[in-house]
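**Q** Got a structure for you, written out below as structure tokens; questions coming shortly.
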Amino acid sequence: MAESETRDQLTSFLQSGIYRFSNSAVPVVFMDPVRVLNRSYSRVRVSPSTYYSRFFSSNVAADGVLRETELSSSSKKRKRKEKKPLTLNEREQAADQRHQQVRPMLLKAHKCLIGAAELLGVLRSLSWDSSSTAERRELTAGGTEPSFLELGKVWQAPLYEITLNVPRTCGSNENEGDNVDQWCDQRVVPVFDNLVVNEIGDEVEAEFLSRKYVIPRQSCFYMSDLGKIHNLIPADPGSGFNLILIDPPWENASAHQKLKYPTLPNRYFLSLPIKKLGHSDGALVGLWVTNRERLRNFVEEELFPSWGVTYAASLFWLKVKADGSLTSDLDLFHHRPYECLLLGYCNGEGDGSELLSGMEETMEDQIVISIPGDYSRKPPVGELLQKYVPGAHPPRCIELFAREMVARWTSWGNEPLRFQDSHFFFR
């Protein structure tokens, strides 16, 4: 690749957060989720050091320079005894067969990353940010972070309210010392079972139980349990969603995962009204799944058919560390360093649904490489899917079981403000 082309790609990456490997044999991009998410904000920034806290630790040298050191998983692991070869049952053999099919593509994608010396040089600094200690204190001032999961269950839930501090002039630079009511309008609305909307072209700071949150521009959230999702079904199918991303809390026997967030039995997700949420011209549906064969069979044989979704392609998220190496051995059976987003189309009732058959044929499997954030926090892949979305553009987009928000998206779940706490941002 010509040096000028590489330089242009790197420049584009530093602005957009997406690096496209143009000479790759497979469709592959590297993503910095922090840079992608920052395009939703103008007055604050997502903190790289908190986003990447799992794979970086910060050290301040004697000269006051912040240095980043990768948390090496190998240094933490105890020496393992040599294990006997696994004896796979029928279901595990099927899962391994799926793995072997995608393995060559993943290896080629990883080879692209390792061969991009300039990009690798940027990776080690991804978790650095310039926020001072004073700024960090200002943004995180407040009480203990509330548990939305628990608060949503109590009888007082309908009484809880969130205060939106809406700037009177979008993008204006107010003085930090000014009283908040001098430069904004305050709106107080129910936080649970209610569509909370920021309709302006600027982010809005919100307050709930003495904590501060950041709501991206032109976005909204609906915080409720699974039984209330039907309140988001549009009265007019022509106002439905063209892109639906879903990251369910799949049932899992892992005690570690259950400590992170509660899971639901898989059959609960059959009740999701995907077709009713979709636009009359049809919708692109993306479903995050684990590598367990039992789950894949459930999705293919029951879940997608019950939703009226036809499978089209897969997006694979390959997880790497700051030096570009995989987060675990590619062939490690129970902890493989990738996850899968299954993509499919849900036909609508309008004339535009006839276009879906053609779009299904143009979709192909692709790979997104990134350094993981917090546990189960997925990279923001919505932009990569835009060209496959049916209907008018810009499309109406929704994320189900969301734990963070993106500009111009609707976020539904029982904790969509999880990563909107001001702790995850700086000025």
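Chain labels A, B, ... are given in the sequence in which chains occur in the structure tokens; within each chain residues are numbered consecutively from 1, and ligands are likewise numbered from 1 in the order shown.
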Would you list the contacts of Val320 in chain A as number ranges by chain, taking every protein, DNA or RNA residue within 12 Å and counting only C-alpha atoms, but skipping same-chain residues closer than 3 positions in sequence?
**A** A: 30-32, 52, 54-55, 70, 72-73, 106, 109-110, 113-114, 120, 123-124, 317, 323-330, 336-338, 368-373
**Q** Just want the 8 Å neighbourhood of Ile233 in chain A, counted on only C-alpha atoms, with same-chain residues fewer than 5 positions away dropped. Output as a PyMOL selection string.
**A** chain A and resi 240+273+276-277
**Q** Can you tell me how far CA of Ala25 in chain A sits from CA of Leu287 in chain A, in Å to one decimal?
**A** 25.3 Å
**Q** What does the structure give for the distance between CA of Val309 in chain A and CA of Leu284 in chain A, in Å to one decimal?
**A**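 Separation of CA of Val309 in chain A and CA of Leu284 in chain A: 8.8 Å.
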**Q** Just list the residues in range 149-332 of chain A DSSP gives helix (DSSP H, G or I) on the backbone, as a VMD selection string.
**A** chain A and resid 149 to 151 157 to 159 180 to 182 226 to 232 237 to 239 255 to 260 266 to 271 274 to 277 293 to 307
